[in-house]
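Novice: The following file, structure_27.txt, comprises compact mmCIF, C-alpha atoms:
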# COMPACT_ATOMS: atom_id res chain seq x y z
CA MET A 236 66.88 40.96 18.70
CA SER A 237 64.56 43.93 19.13
CA VAL A 238 61.54 43.96 21.38
CA SER A 239 59.24 44.14 18.35
CA SER A 240 60.90 41.11 16.79
CA ARG A 241 60.57 39.11 20.00
CA ALA A 242 56.94 40.17 20.29
CA LEU A 243 56.22 39.17 16.68
CA GLY A 244 57.95 35.82 17.22
CA ALA A 245 55.88 35.18 20.33
CA ILE A 246 52.64 35.97 18.43
CA LEU A 247 53.59 33.63 15.57
CA GLN A 248 54.44 30.85 18.03
CA ILE A 249 51.07 31.26 19.75
CA ARG A 250 49.28 31.09 16.39
CA GLN A 251 51.19 27.98 15.42
CA GLU A 252 50.30 26.31 18.69
CA ASP A 253 46.63 27.23 18.22
CA GLY A 254 46.74 25.90 14.65
CA SER A 255 48.31 22.64 15.76
CA SER A 256 45.71 22.16 18.47
CA ASP A 257 42.90 22.94 15.98
CA ALA A 258 44.38 20.46 13.54
CA ALA A 259 44.63 17.83 16.21
CA ALA A 260 40.99 18.24 17.21
CA PRO A 261 39.48 16.63 14.12
CA SER A 262 41.85 13.69 14.39
CA GLY A 263 40.44 13.00 17.83
CA PHE A 264 36.81 13.15 16.63
CA SER A 265 35.07 9.85 16.04
CA VAL A 266 31.57 8.54 15.34
CA THR A 267 30.35 5.54 17.25
CA VAL A 268 27.69 3.39 15.61
CA ASP A 269 25.61 1.34 18.02
CA CYS A 270 25.04 -2.04 16.39
CA ASP A 271 23.54 -3.79 19.36
CA THR A 272 21.79 -6.80 17.86
CA GLY A 273 19.48 -7.31 20.82
CA ASN A 274 16.02 -5.82 21.26
CA GLU A 275 14.77 -3.09 23.57
CA TYR A 276 12.06 -5.09 25.31
CA ASP A 277 11.46 -3.48 28.72
CA GLY A 278 8.56 -5.37 30.23
CA ARG A 279 5.02 -3.94 30.30
CA MET A 280 3.71 -7.32 29.22
CA GLY A 281 0.09 -6.47 30.04
CA LEU A 282 0.14 -3.43 27.76
CA ARG A 283 1.78 -5.41 24.99
CA ILE A 284 -0.84 -8.15 25.24
CA SER A 285 -3.58 -5.51 25.08
CA SER A 286 -2.13 -4.29 21.76
CA ILE A 287 -2.98 -7.68 20.24
CA PHE A 288 -6.69 -7.18 20.85
CA VAL A 289 -6.87 -3.42 20.26
CA ILE A 290 -5.12 -3.65 16.89
CA LEU A 291 -7.25 -6.68 15.99
CA VAL A 292 -10.44 -4.69 16.60
CA GLY A 293 -9.14 -1.69 14.65
CA SER A 294 -8.02 -3.84 11.72
CA LEU A 295 -11.35 -5.69 11.65
CA LEU A 296 -13.30 -2.44 11.65
CA GLY A 297 -11.18 -1.03 8.82
CA ALA A 298 -11.10 -4.12 6.60
CA LEU A 299 -14.35 -5.92 7.35
CA LEU A 300 -16.82 -3.09 7.88
CA PRO A 301 -16.79 -1.86 4.23
CA VAL A 302 -17.39 -5.43 3.04
CA VAL A 303 -20.28 -5.98 5.43
CA LEU A 304 -21.91 -2.64 4.67
CA ALA A 305 -21.56 -2.91 0.90
CA ARG A 306 -22.39 -6.60 0.45
CA GLY A 307 -24.72 -7.22 3.38
CA THR A 308 -28.35 -7.54 2.41
CA LYS A 309 -29.76 -6.08 5.62
CA MET A 310 -27.75 -2.86 5.67
CA LYS A 311 -27.80 0.15 3.41
CA VAL A 312 -24.62 2.17 3.33
CA ASN A 313 -24.51 5.86 2.49
CA GLY A 314 -22.99 6.37 -0.96
CA THR A 315 -21.11 9.52 0.03
CA ALA A 316 -19.54 7.84 3.06
CA PHE A 317 -18.41 4.92 0.94
CA PHE A 318 -17.09 7.33 -1.70
CA VAL A 319 -14.90 9.04 0.90
CA ALA A 320 -13.73 5.73 2.39
CA LYS A 321 -12.88 4.26 -1.02
CA TYR A 322 -10.68 7.10 -2.24
CA PHE A 323 -9.24 7.84 1.19
CA GLY A 324 -8.21 4.19 1.35
CA SER A 325 -6.49 4.46 -2.03
CA GLY A 326 -4.41 7.33 -0.67
CA VAL A 327 -3.54 5.32 2.44
CA ILE A 328 -2.20 2.47 0.30
CA ILE A 329 -0.04 4.83 -1.79
CA GLY A 330 1.27 6.64 1.29
CA THR A 331 2.06 3.34 2.97
CA ALA A 332 4.04 2.17 -0.05
CA PHE A 333 6.41 5.13 -0.05
CA MET A 334 6.61 6.26 3.58
CA HIS A 335 6.14 3.02 5.54
CA LEU A 336 7.79 0.51 3.24
CA LEU A 337 10.23 1.99 0.74
CA SER A 338 11.81 4.47 3.17
CA PRO A 339 12.44 1.84 5.92
CA ALA A 340 13.78 -0.51 3.24
CA PHE A 341 16.46 2.05 2.33
CA ASP A 342 17.34 2.46 6.01
CA ALA A 343 17.62 -1.30 6.57
CA LEU A 344 19.65 -2.13 3.46
CA LYS A 345 21.97 0.87 3.92
CA SER A 346 22.50 0.35 7.64
CA PRO A 347 26.12 0.85 8.82
CA CYS A 348 25.64 -2.30 10.91
CA LEU A 349 25.63 -4.47 7.79
CA PRO A 350 28.94 -6.17 6.96
CA ASP A 351 30.88 -5.05 3.91
CA GLY A 352 29.84 -6.86 0.78
CA PRO A 353 27.52 -6.73 -2.23
CA ILE A 354 24.60 -5.56 -0.09
CA ASN A 355 26.40 -2.25 0.55
CA SER A 356 27.57 -1.65 -2.99
CA TYR A 357 24.18 -1.03 -4.59
CA ASP A 358 20.83 0.60 -3.80
CA TRP A 359 19.07 -2.71 -3.42
CA ALA A 360 15.91 -1.21 -1.96
CA ALA A 361 15.20 0.74 -5.13
CA GLY A 362 16.37 -2.14 -7.33
CA ILE A 363 14.15 -4.74 -5.66
CA CYS A 364 11.20 -2.35 -5.72
CA LEU A 365 11.71 -1.73 -9.44
CA MET A 366 11.94 -5.46 -10.19
CA THR A 367 8.77 -6.08 -8.18
CA VAL A 368 6.83 -3.48 -10.16
CA PHE A 369 7.87 -5.14 -13.40
CA VAL A 370 7.02 -8.61 -12.06
CA MET A 371 3.58 -7.37 -10.94
CA PHE A 372 2.83 -6.10 -14.42
CA THR A 373 4.04 -9.36 -15.95
CA ILE A 374 1.85 -11.40 -13.60
CA GLU A 375 -1.21 -9.34 -14.44
CA LEU A 376 -0.46 -9.58 -18.16
CA VAL A 377 -0.17 -13.37 -17.98
CA ALA A 378 -3.27 -13.66 -15.79
CA SER A 379 -5.29 -11.73 -18.34
CA ARG A 380 -4.40 -14.24 -21.05
CA PHE A 381 -4.79 -17.51 -19.20
CA ASP A 382 -7.72 -18.75 -17.16
CA PHE A 383 -6.36 -19.28 -13.66
CA PHE A 384 -9.65 -18.64 -11.89
CA GLY A 385 -12.10 -20.77 -13.85
CA HIS A 386 -15.22 -19.79 -15.75
CA ASP A 387 -17.66 -20.01 -12.87
CA HIS A 388 -18.14 -16.27 -12.45
CA SER A 389 -20.97 -15.65 -14.90
CA ASP A 390 -23.09 -14.54 -11.93
CA ALA A 391 -20.39 -12.23 -10.55
CA LYS A 392 -21.74 -8.91 -9.45
CA ALA A 393 -19.89 -5.76 -8.50
CA ILE A 394 -21.32 -3.71 -5.64
CA ASP A 395 -20.07 -0.14 -5.31
CA PRO A 396 -22.23 2.27 -3.28
CA SER A 397 -19.92 5.14 -4.26
CA LEU A 398 -21.25 4.94 -7.83
CA HIS A 399 -24.39 6.74 -6.64
CA VAL A 400 -22.21 9.80 -6.09
CA LEU A 401 -20.61 9.51 -9.54
CA LYS A 402 -23.86 8.78 -11.40
CA GLY A 403 -25.65 11.60 -9.64
CA ASN A 404 -23.07 14.15 -10.81
CA GLN A 405 -22.50 13.08 -14.42
CA GLU A 406 -22.19 15.88 -16.93
CA THR A 407 -22.84 13.51 -19.85
CA PRO A 408 -24.16 9.97 -19.67
CA PRO A 409 -21.53 7.29 -20.30
CA PRO A 410 -21.78 5.84 -23.81
CA ASP A 411 -23.41 2.47 -24.14
CA LEU A 412 -20.69 0.97 -26.28
CA GLU A 413 -22.19 -2.46 -26.57
CA ALA A 414 -25.57 -1.00 -27.57
CA GLY A 415 -23.84 0.97 -30.32
CA MET A 416 -22.13 -2.17 -31.54
CA ARG A 417 -25.39 -4.11 -31.56
CA GLY A 418 -27.07 -1.31 -33.51
CA LYS A 419 -24.30 -1.41 -36.08
CA GLU A 420 -24.57 -5.17 -36.44
CA ASN A 421 -28.36 -4.95 -36.84
CA GLY A 422 -28.08 -2.27 -39.49
CA THR A 423 -29.75 0.36 -37.34
CA GLY A 424 -26.66 2.46 -36.86
CA GLY A 425 -26.93 5.53 -39.09
CA VAL A 426 -23.23 6.44 -39.29
CA ASN A 427 -20.29 4.09 -39.54
CA LEU A 428 -18.25 5.54 -36.67
CA PRO A 429 -15.98 3.82 -34.13
CA THR A 430 -18.11 2.55 -31.29
CA ASP A 431 -15.38 2.25 -28.66
CA VAL A 432 -14.65 5.78 -27.51
CA SER A 433 -13.36 4.84 -24.06
CA TYR A 434 -9.97 5.91 -22.79
CA PRO A 435 -7.90 3.93 -23.45
CA PRO A 436 -9.73 2.06 -26.23
CA GLY A 437 -11.43 -0.87 -24.58
CA GLY A 438 -10.32 0.30 -21.15
CA GLU A 439 -12.44 -0.06 -18.05
CA ASP A 440 -11.98 -0.09 -14.32
CA HIS A 441 -11.52 -3.78 -13.60
CA LEU A 442 -11.38 -3.28 -9.84
CA GLY A 443 -14.86 -1.83 -10.00
CA HIS A 444 -16.22 -3.56 -13.07
CA GLN A 445 -19.66 -2.42 -14.16
CA ARG A 446 -19.96 -3.22 -17.88
CA GLU A 447 -21.18 -6.26 -19.72
CA HIS A 448 -18.54 -7.89 -21.90
CA SER A 449 -18.11 -10.70 -24.30
CA ASP A 450 -17.16 -13.98 -22.65
CA ASP A 451 -13.44 -13.66 -23.43
CA ASP A 452 -13.29 -10.06 -22.21
CA SER A 453 -15.21 -10.97 -19.07
CA PHE A 454 -12.87 -13.85 -18.20
CA SER A 455 -9.83 -11.63 -18.81
CA ALA A 456 -11.19 -8.78 -16.69
CA PHE A 457 -12.15 -11.13 -13.89
CA ALA A 458 -8.67 -12.69 -13.88
CA GLN A 459 -7.05 -9.24 -13.80
CA GLN A 460 -9.28 -8.15 -10.96
CA MET A 461 -8.59 -11.25 -8.86
CA THR A 462 -4.86 -11.00 -9.50
CA ALA A 463 -4.79 -7.36 -8.44
CA LEU A 464 -6.71 -8.09 -5.25
CA PHE A 465 -4.55 -11.03 -4.19
CA ILE A 466 -1.38 -9.04 -4.91
CA LEU A 467 -2.70 -6.18 -2.77
CA GLU A 468 -3.55 -8.60 0.03
CA PHE A 469 -0.07 -10.13 -0.13
CA GLY A 470 1.62 -6.75 0.09
CA VAL A 471 -0.30 -5.41 3.10
CA VAL A 472 -0.16 -8.70 5.03
CA PHE A 473 3.62 -9.01 4.77
CA HIS A 474 4.01 -5.41 5.88
CA SER A 475 1.65 -6.01 8.81
CA ILE A 476 3.63 -9.04 9.98
CA PHE A 477 6.91 -7.12 10.24
CA ILE A 478 5.44 -4.14 12.07
CA GLY A 479 3.81 -6.55 14.53
CA LEU A 480 7.17 -8.12 15.32
CA THR A 481 8.69 -4.66 15.75
CA LEU A 482 5.98 -3.54 18.16
CA ALA A 483 6.35 -6.69 20.27
CA VAL A 484 9.94 -5.86 21.30
CA ALA A 485 9.89 -2.06 21.12
CA GLY A 486 11.45 -0.19 24.03
CA ASP A 487 10.86 3.39 25.20
CA GLU A 488 8.93 4.24 22.04
CA PHE A 489 6.43 1.42 22.58
CA THR A 490 3.54 3.62 23.77
CA VAL A 491 3.79 6.03 20.84
CA LEU A 492 4.26 3.17 18.39
CA TYR A 493 1.25 1.37 19.87
CA ILE A 494 -1.07 4.36 19.34
CA VAL A 495 0.22 5.09 15.85
CA LEU A 496 -0.11 1.48 14.70
CA VAL A 497 -3.73 1.31 15.84
CA PHE A 498 -4.56 4.14 13.41
CA HIS A 499 -2.16 2.81 10.79
CA GLN A 500 -3.72 -0.65 10.66
CA THR A 501 -7.26 0.71 10.76
CA PHE A 502 -6.71 3.08 7.84
CA GLU A 503 -4.76 0.53 5.84
CA GLY A 504 -7.56 -1.97 6.44
CA LEU A 505 -10.02 0.62 5.15
CA GLY A 506 -8.08 0.83 1.91
CA LEU A 507 -8.08 -2.92 1.48
CA GLY A 508 -11.67 -3.43 2.64
CA SER A 509 -13.13 -0.84 0.29
CA ARG A 510 -11.52 -2.67 -2.65
CA LEU A 511 -12.67 -6.08 -1.50
CA ALA A 512 -16.19 -4.72 -1.09
CA THR A 513 -16.49 -3.26 -4.60
CA ALA A 514 -14.91 -6.13 -6.53
CA GLN A 515 -16.81 -8.66 -8.63
CA TRP A 516 -17.35 -11.80 -6.61
CA PRO A 517 -19.29 -14.73 -8.07
CA ALA A 518 -21.94 -16.32 -5.89
CA SER A 519 -19.73 -19.34 -5.29
CA LYS A 520 -16.97 -17.06 -3.93
CA ALA A 521 -19.16 -14.68 -1.95
CA TRP A 522 -17.26 -15.66 1.22
CA MET A 523 -13.87 -14.69 -0.20
CA PRO A 524 -13.83 -10.94 0.64
CA TYR A 525 -14.67 -11.74 4.27
CA VAL A 526 -11.83 -14.26 4.49
CA LEU A 527 -9.31 -11.86 2.93
CA ALA A 528 -10.41 -9.04 5.24
CA CYS A 529 -10.05 -11.28 8.30
CA GLY A 530 -6.68 -12.56 7.06
CA TYR A 531 -5.38 -8.99 7.01
CA ALA A 532 -6.93 -8.21 10.41
CA ILE A 533 -5.21 -11.08 12.23
CA SER A 534 -1.78 -10.67 10.61
CA THR A 535 -0.44 -7.98 12.95
CA PRO A 536 -1.94 -9.43 16.18
CA VAL A 537 -0.52 -12.86 15.35
CA ALA A 538 2.89 -11.29 14.62
CA ILE A 539 2.79 -9.44 17.96
CA ALA A 540 2.01 -12.69 19.79
CA ILE A 541 4.87 -14.46 18.01
CA GLY A 542 7.23 -11.58 18.79
CA LEU A 543 6.35 -11.73 22.47
CA GLY A 544 6.88 -15.49 22.47
CA VAL A 545 10.40 -15.22 21.05
CA ARG A 546 11.30 -11.87 22.65
CA SER A 547 14.44 -13.30 24.25
CA THR A 548 15.89 -14.36 20.90
CA LEU A 549 14.39 -11.77 18.51
CA GLU A 550 17.18 -9.43 17.34
CA PRO A 551 15.89 -6.55 15.15
CA GLY A 552 19.39 -5.12 14.80
CA ASN A 553 20.97 -8.36 13.60
CA PRO A 554 22.41 -8.00 10.06
CA ASN A 555 20.40 -10.97 8.81
CA THR A 556 17.21 -9.50 10.26
CA LEU A 557 17.96 -6.12 8.69
CA ILE A 558 18.47 -7.72 5.29
CA ILE A 559 15.26 -9.78 5.54
CA ASN A 560 13.24 -6.75 6.63
CA GLY A 561 14.73 -4.57 3.92
CA VAL A 562 14.13 -7.10 1.16
CA PHE A 563 10.52 -7.80 2.12
CA ASP A 564 9.79 -4.10 2.67
CA SER A 565 11.14 -3.42 -0.82
CA ILE A 566 8.98 -6.15 -2.33
CA SER A 567 5.89 -4.95 -0.48
CA ALA A 568 6.64 -1.36 -1.53
CA GLY A 569 6.82 -2.39 -5.19
CA ILE A 570 3.52 -4.26 -4.87
CA LEU A 571 1.68 -1.35 -3.26
CA ILE A 572 3.24 1.26 -5.56
CA TYR A 573 2.08 -0.68 -8.62
CA THR A 574 -1.33 -1.42 -7.13
CA GLY A 575 -1.84 2.12 -5.83
CA LEU A 576 -0.76 4.02 -8.93
CA VAL A 577 -1.96 1.66 -11.66
CA GLU A 578 -4.85 -0.37 -10.25
CA LEU A 579 -6.32 2.33 -8.03
CA LEU A 580 -5.43 5.81 -9.29
CA ALA A 581 -5.22 5.14 -13.02
CA HIS A 582 -8.23 2.85 -13.23
CA GLU A 583 -10.37 4.94 -10.93
CA PHE A 584 -9.67 8.35 -12.44
CA MET A 585 -8.73 7.71 -16.07
CA PHE A 586 -10.30 4.40 -17.09
CA ASN A 587 -13.52 4.63 -15.08
CA THR A 588 -16.33 5.84 -17.33
CA TYR A 589 -18.40 7.15 -14.46
CA MET A 590 -15.53 9.15 -12.98
CA ARG A 591 -14.62 10.67 -16.35
CA ASP A 592 -18.22 11.76 -16.90
CA ALA A 593 -18.67 13.08 -13.37
CA GLY A 594 -18.41 16.79 -12.69
CA LEU A 595 -15.15 18.50 -11.83
CA LYS A 596 -16.32 18.97 -8.25
CA VAL A 597 -16.69 15.21 -7.76
CA GLN A 598 -13.34 14.48 -9.38
CA LEU A 599 -11.56 17.03 -7.19
CA SER A 600 -13.35 15.67 -4.12
CA ALA A 601 -12.12 12.16 -4.92
CA LEU A 602 -8.60 13.46 -5.52
CA GLY A 603 -8.76 15.37 -2.23
CA CYS A 604 -9.69 12.16 -0.39
CA VAL A 605 -6.70 10.41 -1.97
CA ALA A 606 -4.41 13.28 -0.96
CA LEU A 607 -5.80 13.20 2.59
CA GLY A 608 -5.05 9.48 2.89
CA CYS A 609 -1.52 9.96 1.55
CA GLY A 610 -0.88 12.92 3.82
CA LEU A 611 -2.12 11.16 6.92
CA MET A 612 0.15 8.16 6.35
CA ALA A 613 3.05 10.51 5.66
CA VAL A 614 2.46 12.17 9.05
CA LEU A 615 2.21 8.81 10.84
CA ALA A 616 5.55 7.84 9.28
CA LYS A 617 7.24 10.25 11.70
CA TRP A 618 6.61 7.72 14.48
CA ALA A 619 6.14 4.37 12.72
I need this file expressed as structure tokens, please.

Specialist:
Amino acid sequence: MSVSSRALGAILQIRQEDGSSDAAAPSGFSVTVDCDTGNEYDGRMGLRISSIFVILVGSLLGALLPVVLARGTKMKVNGTAFFVAKYFGSGVIIGTAFMHLLSPAFDALKSPCLPDGPINSYDWAAGICLMTVFVMFTIELVASRFDFFGHDHSDAKAIDPSLHVLKGNQETPPPDLEAGMRGKENGTGGVNLPTDVSYPPGGEDHLGHQREHSDDDSFSAFAQQMTALFILEFGVVFHSIFIGLTLAVAGDEFTVLYIVLVFHQTFEGLGLGSRLATAQWPASKAWMPYVLACGYAISTPVAIAIGLGVRSTLEPGNPNTLIINGVFDSISAGILIYTGLVELLAHEFMFNTYMRDAGLKVQLSALGCVALGCGLMAVLAKWA
């Protein structure tokens, strides 16, 4: 065998050995998934107890302050400030739905720590969210046809300081539809034209109701408004309970999570409180917005206290816990997505007579406040 042949054989052998070692490398590569079902509680009990009171104060300020300022008789709130708070809060609710509820629901229900079974074979987070949206619409539809809230709201009055901003920037005055109808009935109407020119026909913002209606329409609108508010309350309270439990047993990330949740709960409370403040509440139910605001405010602090009490047995990574969190996050996401997009955005921008007749500058300002609320919650989602 010639020298060149031996040299070529040696080169080929070296290449084969390199190829075999390269091929063997992937076979030795593995991914380890840490499915520790315990929690990361690491002490700092004093700081954790302080979070109960700090978050309580922040939540109360966000949820209760708009109600007190708007409905209190001894205080006069600035219309522009309430305008910003109202639409900023709407953006917070929408951002919370997608970034703080739906995204964690996908993570929980697609976790590699879940056992093989039906839960892994379908995108249950999206499916449950979709079913919840449909159920929310069905509930509102049924509530608008049946009297679940009684007929004792003839003295109900909506209070919305932000309307001063809308009314002061109207390009054309909103049509007085009922006056046109009365003129037609009395024979004073000169032209036989349709009197309802709202969009959609007969539509109105029932979370900020300002028109007079016939009795049946009034009962229906009141029922829709109450249903929407209680659904919104349900969604944010359930979300607040789970994040409180998470904060109670958080580990190294506790300090960052603590700071972020103070802002998170304050801004989310602002979104809820601004809606409670501007809704129609009859005199007999004047206490209701204060109770609902306080119910939201105490939800996270109570959950933190419970989490600290059961810290030795609370297992966030347990498959059952992951499934429960994922399911309830999906339900809450569906509630807030429906409420945010339909009850808040659609009714405020498209079905609200005052908003439609306001100038473009006011409309873009309101939309900018919504975008700011969404963006802020999207940024906070990086940490919580």

Novice: In Å to one decimal, how far is atom CA of His499 of chain A from atom CA of Lys596 of chain A?

Specialist: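 Computing the Euclidean distance for atom CA of Lys596 of chain A and atom CA of His499 of chain A yields 28.7 Å.
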
Novice: Can you work out the spacing between atom CA of Tyr525 of chain A and atom CA of Leu300 of chain A in Å, to one decimal?

Specialist: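 Separating atom CA of Tyr525 of chain A from atom CA of Leu300 of chain A is a distance of 9.6 Å.
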
Novice: Tell me which of A:Phe369, A:Phe489, A:Tyr589, A:Phe498 sits closest to Gly297 of chain A, counting only C-alpha atoms.

Specialist: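 Answer, going by the shortest atom-to-atom distance: A:Phe498.
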
Novice: Considering all atoms listed in the file, can you say which of A:Leu527, A:Leu376, A:Ile478, A:Val495 comes closest to Pro339 of chain A?

Specialist: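 With all atoms listed in the file as the atom set, the closest residue is A:Ile478.
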
Novice: So how many Å separate atom CA of Ala298 of chain A and atom CA of Gln500 of chain A, to one decimal?

Specialist: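 Between atom CA of Ala298 of chain A and atom CA of Gln500 of chain A the gap is 9.1 Å.
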
Novice: Determine the nearest neighbour of Ser346 of chain A from the options A:Asn553, A:Gln598, A:Ser567, A:Thr367, counting all atoms listed in the file.

Specialist: A:Asn553

Novice: With only C-alpha atoms as the basis for distance, which of A:Met590, A:Ala601, A:Cys348, A:Ala360 is at the shortest distance from Pro551 of chain A?

Specialist: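 Of the candidates, the smallest distance to Pro551 of chain A is held by A:Cys348.
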
Novice: What's around Gly504 of chain A at 10 Å? Count only C-alpha atoms, leave out sequence neighbours fewer than 2 positions away in its own chain, and write the answer as a list in words.

Specialist: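 Result of the neighbour search: Gly293, Ser294, Leu295, Leu296, Gly297, Ala298, Leu299, Leu300, Pro301, Gly324, Val327, Ile328, Val471, Phe498, His499, Gln500, Thr501, Phe502, Gly506, Leu507, Gly508, Ser509, Arg510, Ala528, Cys529, Tyr531 and Ala532 of chain A.
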
Novice: At a cut-off of 9 Å, using only C-alpha atoms, what residues contact Ala340 of chain A? Leave out same-chain residues fewer than 3 positions from it and give the result as number ranges by chain.

Specialist: A: 335-337, 343-345, 359-361, 557-558, 560-565, 568

Novice: Would you mind exporting the chosen residues as a short mmCIF file (atom, residue, chain, number, x, y, z; two decimals), in the frame of the given file, restricted to C-alpha atoms?

Specialist:
data_model
loop_
_atom_site.label_atom_id
_atom_site.label_comp_id
_atom_site.auth_asym_id
_atom_site.auth_seq_id
_atom_site.Cartn_x
_atom_site.Cartn_y
_atom_site.Cartn_z
CA HIS A 335 6.14 3.02 5.54
CA LEU A 336 7.79 0.51 3.24
CA LEU A 337 10.23 1.99 0.74
CA ALA A 343 17.62 -1.30 6.57
CA LEU A 344 19.65 -2.13 3.46
CA LYS A 345 21.97 0.87 3.92
CA TRP A 359 19.07 -2.71 -3.42
CA ALA A 360 15.91 -1.21 -1.96
CA ALA A 361 15.20 0.74 -5.13
CA LEU A 557 17.96 -6.12 8.69
CA ILE A 558 18.47 -7.72 5.29
CA ASN A 560 13.24 -6.75 6.63
CA GLY A 561 14.73 -4.57 3.92
CA VAL A 562 14.13 -7.10 1.16
CA PHE A 563 10.52 -7.80 2.12
CA ASP A 564 9.79 -4.10 2.67
CA SER A 565 11.14 -3.42 -0.82
CA ALA A 568 6.64 -1.36 -1.53
#

Novice: Name the residues within 12 Å of (-1.1, 8.3, -5.7), counting all atoms listed in the file in the file's coordinates, and put them as a PDB file with C-alpha atoms, keeping the file's coordinate frame.

Specialist:
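Result file part_33.pdb:
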ATOM      1  CA  TYR A 322     -10.680   7.100  -2.240  1.00  0.00           C
ATOM      2  CA  PHE A 323      -9.240   7.840   1.190  1.00  0.00           C
ATOM      3  CA  GLY A 324      -8.210   4.190   1.350  1.00  0.00           C
ATOM      4  CA  SER A 325      -6.490   4.460  -2.030  1.00  0.00           C
ATOM      5  CA  GLY A 326      -4.410   7.330  -0.670  1.00  0.00           C
ATOM      6  CA  VAL A 327      -3.540   5.320   2.440  1.00  0.00           C
ATOM      7  CA  ILE A 328      -2.200   2.470   0.300  1.00  0.00           C
ATOM      8  CA  ILE A 329      -0.040   4.830  -1.790  1.00  0.00           C
ATOM      9  CA  GLY A 330       1.270   6.640   1.290  1.00  0.00           C
ATOM     10  CA  THR A 331       2.060   3.340   2.970  1.00  0.00           C
ATOM     11  CA  ALA A 332       4.040   2.170  -0.050  1.00  0.00           C
ATOM     12  CA  PHE A 333       6.410   5.130  -0.050  1.00  0.00           C
ATOM     13  CA  LEU A 571       1.680  -1.350  -3.260  1.00  0.00           C
ATOM     14  CA  ILE A 572       3.240   1.260  -5.560  1.00  0.00           C
ATOM     15  CA  TYR A 573       2.080  -0.680  -8.620  1.00  0.00           C
ATOM     16  CA  THR A 574      -1.330  -1.420  -7.130  1.00  0.00           C
ATOM     17  CA  GLY A 575      -1.840   2.120  -5.830  1.00  0.00           C
ATOM     18  CA  LEU A 576      -0.760   4.020  -8.930  1.00  0.00           C
ATOM     19  CA  VAL A 577      -1.960   1.660 -11.660  1.00  0.00           C
ATOM     20  CA  GLU A 578      -4.850  -0.370 -10.250  1.00  0.00           C
ATOM     21  CA  LEU A 579      -6.320   2.330  -8.030  1.00  0.00           C
ATOM     22  CA  LEU A 580      -5.430   5.810  -9.290  1.00  0.00           C
ATOM     23  CA  ALA A 581      -5.220   5.140 -13.020  1.00  0.00           C
ATOM     24  CA  HIS A 582      -8.230   2.850 -13.230  1.00  0.00           C
ATOM     25  CA  GLU A 583     -10.370   4.940 -10.930  1.00  0.00           C
ATOM     26  CA  PHE A 584      -9.670   8.350 -12.440  1.00  0.00           C
ATOM     27  CA  ALA A 601     -12.120  12.160  -4.920  1.00  0.00           C
ATOM     28  CA  LEU A 602      -8.600  13.460  -5.520  1.00  0.00           C
ATOM     29  CA  GLY A 603      -8.760  15.370  -2.230  1.00  0.00           C
ATOM     30  CA  CYS A 604      -9.690  12.160  -0.390  1.00  0.00           C
ATOM     31  CA  VAL A 605      -6.700  10.410  -1.970  1.00  0.00           C
ATOM     32  CA  ALA A 606      -4.410  13.280  -0.960  1.00  0.00           C
ATOM     33  CA  LEU A 607      -5.800  13.200   2.590  1.00  0.00           C
ATOM     34  CA  GLY A 608      -5.050   9.480   2.890  1.00  0.00           C
ATOM     35  CA  CYS A 609      -1.520   9.960   1.550  1.00  0.00           C
ATOM     36  CA  GLY A 610      -0.880  12.920   3.820  1.00  0.00           C
TER      37      GLY A 610
END

Novice: Under the rule that all atoms listed in the file are counted, which of A:Ala616, A:Val370, A:Val472, A:Val377 is the nearest residue to Ile533 of chain A?

Specialist: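 For Ile533 of chain A, the nearest of the given residues is A:Val472.
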